[in-house]
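**Q** Below you will find the structure I want to go over with you.
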2 protein chains.
Amino acid sequence: MKAISVLGSTGSIGTQTLEIAEEFPEQFRVVAITAGVNLPLVVKQIKQHNPEVVALAEKSLLPELQETLESLSSQERPPKLPTLVGGVEGLKIAASWENADMVVSGIVGCAGLLPTLAAIRSGKDLVLANKETLIAAAPVVLPELKRSGSRLLPADSEHSAIFQCLQGTPWAENAHLSTGIPTPGLRRIQLTASGGAFRDWSADDLKKATIADATSHPNWSMGRKITVDSATLMNKGLEVIEAHYLFGIDYQQIEIVIHPQSIIHSMIELSDSSVLAQLGWPDMKLPILYCLSWPNRQETPWRRLNLTEIGELTFKSPDTEKYPCMDLAYAAGKAGGTMPAVLNAANEEAVAEFLREKIHFLDIPKVIEKTCEKHKNDLKSNPNLDEVIAIDSWSRQNVKELVSKDKNILTL
Amino acid sequence: MKAISVLGSTGSIGTQTLEIAEEFPEQFRVVAITAGVNLPLVVKQIKQHNPEVVALAEKSLLPELQETLESLSSQERPPKLPTLVGGVEGLKIAASWENADMVVSGIVGCAGLLPTLAAIRSGKDLVLANKETLIAAAPVVLPELKRSGSRLLPADSEHSAIFQCLQGTPWAENAHLSTGIPTPGLRRIQLTASGGAFRDWSADDLKKATIADATSHPNWSMGRKITVDSATLMNKGLEVIEAHYLFGIDYQQIEIVIHPQSIIHSMIELSDSSVLAQLGWPDMKLPILYCLSWPNRQETPWRRLNLTEIGELTFKSPDTEKYPCMDLAYAAGKAGGTMPAVLNAANEEAVAEFLREKIHFLDIPKVIEKTCEKHKNDLKSNPNLDEVIAIDSWSRQNVKELVSKDKNILTL
């Protein structure tokens with residue numbers, strides 16, 4: 001049985017991880033959870049999973065949680081109340097909890113960075129769903145991974161597909177160490193992209209795109225922010241950067257392929273020209289479960305893929321004009337150092353402004369490009385953690401200023 | 001560098017193996033070849049590859065070969081003339097040649113059985129392209145494999161795909177031993193089939209099928225016999241039986257999927273519901289090379305797969321009414337013992353009669369079914385090699401008799 005610490009237990013990755021633990025109680029036990037402000041759900045999770053420690057990002061909420069737990073009836077109350085801890089220090093305690101065998105990192109944004117680093121430093125294997133860990137902080141994280149021997153297991157469906165396909169190659173050993181060591185026989189990674197909400201729109205039609213249009217994803221049910229990232233294809237651009245760091249592969253060897261059915265989750269091309277692919281229904285649970293059970297496979301009664309029912313899988317090259325975010329991501333990745341952090345923060349802020357109806361959909365790439373452009377002369381190739389966090393803030397601030405002042409770049 | 005013995009060097013698999021050895025002279029060296037009657041090609045191969053031993057199935061051709069080699073000019077002549085051997089004993093010598101690290105078994109038909117068994121008994125790894133080895137003689141071959149530790153590496157594109165996909169699973173160890181041990185996490189094998197020459201024909205239209213129609217394959221360039229097997233889908237049925245023995249998987253877990261583009265060469269479904277696939281252009285060289293370089297991968301400059309150029313991959317369930325040979329193969333496989341040998345021999349003979357214009361395309365399954373039916377009461381579950389060979393002959397003879405006497409089952 002594996003004991004798991006779940007960072008961000010009330011988020012999308014966290015709740016799915018807990019559902020898996022519930023479905024396979026013989027295999028997985030949740031010993032630590034961390035959460036933000038959703039106390040009712042935290043209480044429910046404590047009753048269900050009986051973790052040893054619970055960390056709240058907001059220290060001030062601890063008394064309320066303590067009180068609620070103590071007021072539970074003897075039937076509802078877990079046999080032993082968990083240790084409650086709070087703030088960044090509390091998150092770090094849960095992230096490096098001694099009884100945990102592995103840590104699932106599902107805290108969104110830079111808030112996840114410190115606890116994720118604490119997990120890495122403790123040498124535990126890390127299920128990675130927090131993309132900032134690699135995109136913004138690779139220069140900080142990669143040396144730490146090397147030092148501690150902690151292994152990164154990717155929970156994204158695309159990176160999981162690559163990871164699964166790489167298992168059978170002679171270079172599988174490097175595929176989960178995030179050593180940055182190039183895998184000599186891995187010639188190309190093909191990341192598949194659904195094409196998002198606007199895949200059937202012309203570049204011209206995008207001028208009329210509304211928030212409602214941008215937040216309805218054809219295949220995956222996800223949060224609003226990430227659905228917009230799908231529509232701009234920035235999510236795929238960010239995945240390209242993650243793939244670069246995870247699998248030690250050059251940017252020119254990473255390709256994006258539009259595959260509207262989202263059945264092939266990604267492919268690898270090996271040096272002999274053979275291509276391996278992983279397929280499945282679009283459901284995050286499978287890649288999360290694979291991380292938890294790796295290198296084994298946990299038997300499930302989950303819906304089996306039926307290609308004859310699907311009938312056809314289609315593929316086309318992405319239109320770089322329609323999806324400028326893709327090129328921005330490649331450029332930021334190639335620039336390296338702090339540039340991916342700037343790109344990621346600028347994108348988060350730009351999407352937030354779009355969702356607040358302050359900018360148009362087509363402005364998202366514009367403000368990101370302006371912000372990356374401005375950072376060029378300040379780029380640090382080997383930043384420390386404080387510098388990464390400072391640059392993240394600067395990038396967000398810059399987007400806000402562009403939106404409020406630089407009206408002449410905006411479409412609206 | 002690996003030293004290879006090539007059984008059937010002038011056939012399709014043999015010549016492709018030699019082309020690979022020629023293309024990668026640092027990796028592979030041909031030390032032994034065996035051939036039938038194509039002496040000019042044998043001489044060319046000797047000049048090119050300078051093997052240590054050459055075996056001819058026809059002993060009577062040895063003097064002619066000896067003479068031709070001795071009459072070569074000093075420039076054309078290899079530095080040291082090969083040892084020449086002949087007949088079944090000669091083939092066995094080449095198959096178990098001491099300096100060979102592995103053996104490629106590409107001799108078609110029952111003629112390949114004895115040398116293939118000799119290779120297995122010598123404990124060498126075997127690249128399997130001779131399908132009789134498993135289909136007709138599994139009850140004889142499997143115990144020999146266990147005894148000698150020789151490993152079967154499948155050269156068929158479908159089985160190679162499965163083999164490649166299995167490499168990364170926790171059960172990869174059993175995937176090349178032909179131990180018949182079930183691989184617990186392998187839930188399903190999906191063998192893809194192009195659908196052959198008649199894939200777009202209705203069951204009714206098949207009544208008008210001619211030899212020319214049946215021998216033109218849409219995707220693969222192959223011999224006439226195997227192209228007809230593609231058209232009846234018997235080739236897929238035979239592959240189902242091979243997959244059963246190779247991967248120790250029950251027949252109800254093996255599925256055939258019509259995939260007209262022949263790009264996905266086969267798929268495996270694992271116990272967690274994840275599906276892995278291997279893709280490539282339709283070209284036998286890649287699976288042969290993979291066998292030769294396994295568990296490594298040999299870098300090649302071969303044409304890279306481009307899915308955006310292909311555009312779409314389609315899938316449908318095969319029509320069992322249109323392709324009765326499929327059900328015949330499943331039934332023979334499930335009956336086990338000598339029944340697959342009967343099926344295979346009856347099919348070879350029926351296709352030969354079809355190509356001689358003695359029977360109609362639609363008669364092929366009829367005479368096979370009649371022959372299998374007749375064998376039911378004589379089925380041996382644990383035959384020895386002599387019994388396998390005798391039953392193969394009986395089956396061929398039975399088809400001939402049906403064709404000449406039992407006119408009332410025939411369409412023509």
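Just so we're on the same page: first chain in the structure tokens is A, next is B, and so on; residues restart at 1 for each chain, and ligands are numbered from 1 in the order they show up.
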Using only C-alpha atoms, select each residue of chain A with any atom at most 9 Å away from an atom of chain B, and give the selection as a ChimeraX atom specification.

**A** /A:161,164-170,172,185,257-258,269-281,286-287,289-290,295-305,307-317

**Q** For B:Gly112, find every residue with an atom within 12 Å (counting only C-alpha atoms), except residues of its own chain fewer than 2 positions away, and show them as a ChimeraX atom specification.

**A** /B:6-8,34-36,57,88,91-92,95,104-110,114-119,128-134,136-137,389

**Q** Output C-alpha atoms for every residue in that selection, as a short mmCIF file (atom, residue, chain, number, x, y, z; two decimals), in the first residue's frame.

**A**
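Final output, saved to out.cif:
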```cif
data_model
loop_
_atom_site.label_atom_id
_atom_site.label_comp_id
_atom_site.auth_asym_id
_atom_site.auth_seq_id
_atom_site.Cartn_x
_atom_site.Cartn_y
_atom_site.Cartn_z
CA VAL B 6 19.37 -16.21 -42.04
CA LEU B 7 17.13 -19.17 -42.85
CA GLY B 8 15.53 -18.54 -46.23
CA THR B 34 20.15 -21.09 -46.19
CA ALA B 35 18.28 -21.03 -49.46
CA GLY B 36 16.22 -23.05 -51.88
CA ALA B 57 17.78 -27.32 -49.14
CA VAL B 88 17.73 -30.95 -44.00
CA LEU B 91 19.81 -26.45 -42.95
CA LYS B 92 20.07 -27.58 -39.33
CA ALA B 95 20.42 -22.84 -38.11
CA VAL B 104 16.14 -15.22 -38.57
CA SER B 105 13.62 -17.84 -39.57
CA GLY B 106 12.12 -16.87 -42.90
CA ILE B 107 11.62 -20.25 -44.59
CA VAL B 108 8.01 -20.56 -45.68
CA GLY B 109 5.94 -23.63 -44.87
CA CYS B 110 6.68 -26.85 -43.02
CA LEU B 114 13.11 -28.57 -38.70
CA PRO B 115 15.78 -25.88 -39.08
CA THR B 116 13.78 -23.54 -36.83
CA LEU B 117 13.62 -26.25 -34.17
CA ALA B 118 17.38 -26.76 -34.54
CA ALA B 119 17.89 -23.03 -33.88
CA LEU B 128 10.21 -15.45 -36.12
CA ALA B 129 8.78 -14.86 -39.59
CA ASN B 130 7.91 -18.49 -40.36
CA LYS B 131 4.37 -18.76 -39.12
CA GLU B 132 4.19 -22.57 -39.17
CA THR B 133 6.56 -22.61 -36.22
CA LEU B 134 3.81 -21.50 -33.88
CA ALA B 136 1.28 -25.71 -36.79
CA ALA B 137 3.84 -26.74 -34.23
CA ILE B 389 4.05 -33.05 -40.33
#
```

**Q** Would you kindly return, as a ChimeraX atom specification, each protein, DNA or RNA residue with an atom no farther than 12 Å from any atom of B:Asn398, considering only C-alpha atoms and excluding same-chain residues fewer than 2 positions away?

**A** /B:342-343,345-347,349-350,367-375,391-396,400-406

**Q** Could you pull out the strand (DSSP E or B) residues of stretch 30-84 of chain A from DSSP and send them as a VMD selection string?

**A** chain A and resid 30 to 35 53 to 56 83 to 84

**Q** What would the file look like if the residues just selected were written as a compact mmCIF listing (two decimals), in the first residue's frame with all heavy atoms?

**A**
```
# COMPACT_ATOMS: atom_id res chain seq x y z
N VAL A 30 -4.42 7.95 1.95
CA VAL A 30 -4.11 9.38 1.99
C VAL A 30 -3.68 9.74 3.42
O VAL A 30 -4.47 9.64 4.35
CB VAL A 30 -5.33 10.22 1.56
CG1 VAL A 30 -5.02 11.71 1.68
CG2 VAL A 30 -5.74 9.86 0.14
N VAL A 31 -2.41 10.13 3.58
CA VAL A 31 -1.91 10.43 4.94
C VAL A 31 -1.78 11.91 5.20
O VAL A 31 -1.66 12.32 6.36
CB VAL A 31 -0.56 9.73 5.21
CG1 VAL A 31 -0.74 8.22 5.26
CG2 VAL A 31 0.48 10.13 4.17
N ALA A 32 -1.78 12.73 4.14
CA ALA A 32 -1.65 14.17 4.33
C ALA A 32 -2.42 14.90 3.24
O ALA A 32 -2.42 14.46 2.09
CB ALA A 32 -0.17 14.57 4.27
N ILE A 33 -3.11 15.97 3.61
CA ILE A 33 -3.74 16.81 2.60
C ILE A 33 -3.46 18.27 2.92
O ILE A 33 -3.24 18.64 4.08
CB ILE A 33 -5.28 16.58 2.48
CG1 ILE A 33 -6.00 16.91 3.79
CG2 ILE A 33 -5.61 15.16 2.05
CD1 ILE A 33 -7.53 16.80 3.69
N THR A 34 -3.45 19.09 1.86
CA THR A 34 -3.37 20.53 2.07
C THR A 34 -4.47 21.17 1.24
O THR A 34 -4.84 20.65 0.18
CB THR A 34 -2.02 21.14 1.61
OG1 THR A 34 -2.07 21.36 0.19
CG2 THR A 34 -0.85 20.24 1.95
N ALA A 35 -5.01 22.28 1.73
CA ALA A 35 -6.10 22.93 1.01
C ALA A 35 -6.08 24.43 1.22
O ALA A 35 -5.29 24.96 2.02
CB ALA A 35 -7.44 22.34 1.45
N VAL A 53 -2.26 14.31 8.80
CA VAL A 53 -2.00 15.75 8.93
C VAL A 53 -2.82 16.50 7.88
O VAL A 53 -3.04 16.00 6.76
CB VAL A 53 -0.48 16.06 8.77
CG1 VAL A 53 0.01 15.69 7.38
CG2 VAL A 53 -0.18 17.53 9.06
N VAL A 54 -3.29 17.68 8.27
CA VAL A 54 -4.03 18.55 7.35
C VAL A 54 -3.42 19.94 7.43
O VAL A 54 -3.27 20.49 8.52
CB VAL A 54 -5.53 18.62 7.71
CG1 VAL A 54 -6.26 19.62 6.83
CG2 VAL A 54 -6.17 17.24 7.60
N ALA A 55 -3.05 20.49 6.27
CA ALA A 55 -2.48 21.83 6.25
C ALA A 55 -3.41 22.77 5.51
O ALA A 55 -3.92 22.43 4.45
CB ALA A 55 -1.11 21.81 5.57
N LEU A 56 -3.63 23.96 6.10
CA LEU A 56 -4.41 24.98 5.40
C LEU A 56 -3.47 26.12 5.03
O LEU A 56 -2.67 26.57 5.86
CB LEU A 56 -5.52 25.52 6.31
CG LEU A 56 -6.62 24.52 6.71
CD1 LEU A 56 -7.65 25.22 7.59
CD2 LEU A 56 -7.29 23.91 5.48
N THR A 83 -3.39 16.02 12.82
CA THR A 83 -2.60 17.18 13.22
C THR A 83 -2.96 18.31 12.26
O THR A 83 -3.00 18.10 11.05
CB THR A 83 -1.09 16.86 13.06
OG1 THR A 83 -0.81 15.68 13.82
CG2 THR A 83 -0.23 18.01 13.53
N LEU A 84 -3.24 19.50 12.79
CA LEU A 84 -3.57 20.63 11.91
C LEU A 84 -2.41 21.61 11.88
O LEU A 84 -1.88 21.98 12.93
CB LEU A 84 -4.84 21.34 12.41
CG LEU A 84 -6.11 20.49 12.51
CD1 LEU A 84 -7.30 21.38 12.88
CD2 LEU A 84 -6.38 19.77 11.19
```

**Q** Hey, which of A:Glu239, A:Asp378, A:Asp250, A:Asp156 ends up closest to A:Ile135? Count only C-alpha atoms.

**A**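 Closest candidate: A:Glu239.
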
**Q** According to DSSP computed on the backbone, where in stretch 132-315 of chain A is there alpha helix (DSSP H)? Give the residues as a PDB file with C-alpha atoms, in the first residue's frame.

**A**
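Written file, out-v7.pdb:
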```
ATOM      1  CA  GLU A 132       4.650  26.190 -12.454  1.00  0.00           C
ATOM      2  CA  THR A 133       7.058  23.719 -10.886  1.00  0.00           C
ATOM      3  CA  LEU A 134       8.771  23.155 -14.213  1.00  0.00           C
ATOM      4  CA  ILE A 135       7.659  26.050 -16.393  1.00  0.00           C
ATOM      5  CA  ALA A 138      12.921  24.569 -13.689  1.00  0.00           C
ATOM      6  CA  PRO A 139      16.270  26.290 -13.058  1.00  0.00           C
ATOM      7  CA  VAL A 140      15.587  25.954  -9.323  1.00  0.00           C
ATOM      8  CA  VAL A 141      13.843  22.578  -9.347  1.00  0.00           C
ATOM      9  CA  LEU A 142      16.100  20.518 -11.625  1.00  0.00           C
ATOM     10  CA  PRO A 143      19.226  20.763  -9.420  1.00  0.00           C
ATOM     11  CA  GLU A 144      17.081  19.943  -6.368  1.00  0.00           C
ATOM     12  CA  LEU A 145      15.745  16.822  -8.073  1.00  0.00           C
ATOM     13  CA  LYS A 146      19.247  15.699  -8.880  1.00  0.00           C
ATOM     14  CA  ARG A 147      20.363  16.271  -5.298  1.00  0.00           C
ATOM     15  CA  SER A 148      17.467  14.498  -3.584  1.00  0.00           C
ATOM     16  CA  SER A 157      -2.472  13.285 -19.989  1.00  0.00           C
ATOM     17  CA  GLU A 158       0.006  14.305 -22.705  1.00  0.00           C
ATOM     18  CA  HIS A 159       3.136  13.885 -20.617  1.00  0.00           C
ATOM     19  CA  SER A 160       1.767  10.712 -19.105  1.00  0.00           C
ATOM     20  CA  ALA A 161       1.300   9.344 -22.626  1.00  0.00           C
ATOM     21  CA  ILE A 162       4.937  10.120 -23.437  1.00  0.00           C
ATOM     22  CA  PHE A 163       6.059   8.714 -20.102  1.00  0.00           C
ATOM     23  CA  GLN A 164       4.065   5.521 -20.695  1.00  0.00           C
ATOM     24  CA  CYS A 165       5.470   5.128 -24.204  1.00  0.00           C
ATOM     25  CA  LEU A 166       9.027   5.743 -23.008  1.00  0.00           C
ATOM     26  CA  ILE A 211     -16.086  34.586 -23.199  1.00  0.00           C
ATOM     27  CA  ALA A 212     -18.854  32.023 -23.576  1.00  0.00           C
ATOM     28  CA  ASP A 213     -17.275  30.808 -26.808  1.00  0.00           C
ATOM     29  CA  ALA A 214     -13.805  30.553 -25.287  1.00  0.00           C
ATOM     30  CA  ARG A 224     -12.463  28.208 -17.127  1.00  0.00           C
ATOM     31  CA  LYS A 225      -8.833  29.355 -17.129  1.00  0.00           C
ATOM     32  CA  ILE A 226      -7.475  26.173 -18.625  1.00  0.00           C
ATOM     33  CA  THR A 227     -10.316  26.025 -21.153  1.00  0.00           C
ATOM     34  CA  VAL A 228      -9.272  29.452 -22.411  1.00  0.00           C
ATOM     35  CA  ASP A 229      -5.675  28.159 -22.542  1.00  0.00           C
ATOM     36  CA  SER A 230      -6.983  25.369 -24.763  1.00  0.00           C
ATOM     37  CA  ALA A 231      -8.671  27.873 -27.028  1.00  0.00           C
ATOM     38  CA  THR A 232      -5.459  29.916 -27.461  1.00  0.00           C
ATOM     39  CA  MET A 234      -1.217  28.266 -24.854  1.00  0.00           C
ATOM     40  CA  ASN A 235      -1.872  25.129 -22.802  1.00  0.00           C
ATOM     41  CA  LYS A 236      -0.069  23.186 -25.527  1.00  0.00           C
ATOM     42  CA  GLY A 237       2.733  25.754 -25.607  1.00  0.00           C
ATOM     43  CA  LEU A 238       3.188  25.367 -21.850  1.00  0.00           C
ATOM     44  CA  GLU A 239       3.169  21.587 -22.248  1.00  0.00           C
ATOM     45  CA  VAL A 240       5.935  21.906 -24.834  1.00  0.00           C
ATOM     46  CA  ILE A 241       8.072  23.661 -22.200  1.00  0.00           C
ATOM     47  CA  GLU A 242       7.227  21.010 -19.607  1.00  0.00           C
ATOM     48  CA  ALA A 243       8.073  18.224 -22.049  1.00  0.00           C
ATOM     49  CA  HIS A 244      11.413  19.878 -22.742  1.00  0.00           C
ATOM     50  CA  TYR A 245      12.319  19.793 -19.066  1.00  0.00           C
ATOM     51  CA  LEU A 246      10.708  16.433 -18.214  1.00  0.00           C
ATOM     52  CA  PHE A 247      12.236  14.428 -21.029  1.00  0.00           C
ATOM     53  CA  LYS A 285      -7.973   9.854 -13.677  1.00  0.00           C
ATOM     54  CA  LEU A 286      -6.038   7.390 -15.787  1.00  0.00           C
ATOM     55  CA  PRO A 287      -2.791   9.409 -15.908  1.00  0.00           C
ATOM     56  CA  ILE A 288      -3.085  10.187 -12.174  1.00  0.00           C
ATOM     57  CA  LEU A 289      -3.617   6.506 -11.388  1.00  0.00           C
ATOM     58  CA  TYR A 290      -0.652   5.575 -13.562  1.00  0.00           C
ATOM     59  CA  CYS A 291       1.594   7.910 -11.572  1.00  0.00           C
ATOM     60  CA  LEU A 292       0.350   6.426  -8.314  1.00  0.00           C
ATOM     61  CA  SER A 293       0.791   2.829  -9.398  1.00  0.00           C
ATOM     62  CA  LEU A 307     -11.937   2.655 -31.579  1.00  0.00           C
ATOM     63  CA  THR A 308     -14.548   1.087 -33.833  1.00  0.00           C
ATOM     64  CA  GLU A 309     -17.154   3.123 -31.944  1.00  0.00           C
ATOM     65  CA  ILE A 310     -15.100   6.298 -32.451  1.00  0.00           C
TER      66      ILE A 310
END
```

**Q** Measure the distance from atom CA of A:Ile93 to atom CA of A:Thr15 in Å and round it to one decimal.

**A**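 Value for the atom CA of A:Ile93-atom CA of A:Thr15 distance: 20.3 Å.
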
**Q** Using only C-alpha atoms, which residue out of B:Ser150, B:Ser74, B:Asn99, B:Asn377 lies closest to B:Ile120?

**A**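 Result for the nearest residue to B:Ile120: B:Ser150.
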
**Q** Record the distance separating atom CA of A:Met1 and atom CA of A:Gln27, expressed in Å with one decimal.

**A**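 That distance, rounded to one decimal, is 4.6 Å.
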
**Q** Between B:Leu41, B:Ile4, B:Met339, B:Ala155, which one has atoms that come closest to B:Glu387, using only C-alpha atoms?

**A** B:Met339

**Q** Give me, as JSON, numbers by chain, all polymer residues having an atom no more than 12 Å from B:Pro79, counting only C-alpha atoms and skipping those fewer than 3 positions away in the same chain.

**A** {"B": [46, 47, 48, 49, 50, 51, 52, 69, 70, 72, 73, 74, 75, 76, 82]}

**Q** Restricting the output to C-alpha atoms, write the selected residues as a short mmCIF file (atom, residue, chain, number, x, y, z; two decimals), in the first residue's frame.

**A**
```cif
data_model
loop_
_atom_site.label_atom_id
_atom_site.label_comp_id
_atom_site.auth_asym_id
_atom_site.auth_seq_id
_atom_site.Cartn_x
_atom_site.Cartn_y
_atom_site.Cartn_z
CA ILE B 46 27.78 -14.75 -50.74
CA LYS B 47 29.80 -12.10 -52.58
CA GLN B 48 28.12 -9.34 -50.63
CA HIS B 49 28.04 -10.84 -47.13
CA ASN B 50 30.77 -13.42 -47.09
CA PRO B 51 28.97 -15.85 -44.75
CA GLU B 52 30.85 -18.66 -43.02
CA LEU B 69 32.00 -19.91 -56.48
CA GLU B 70 35.33 -21.40 -57.53
CA LEU B 72 34.60 -16.38 -59.62
CA SER B 73 37.39 -13.98 -60.48
CA SER B 74 39.77 -13.20 -57.62
CA GLN B 75 38.14 -9.75 -57.36
CA GLU B 76 34.62 -11.09 -57.01
CA PRO B 82 31.94 -20.53 -47.23
#
```
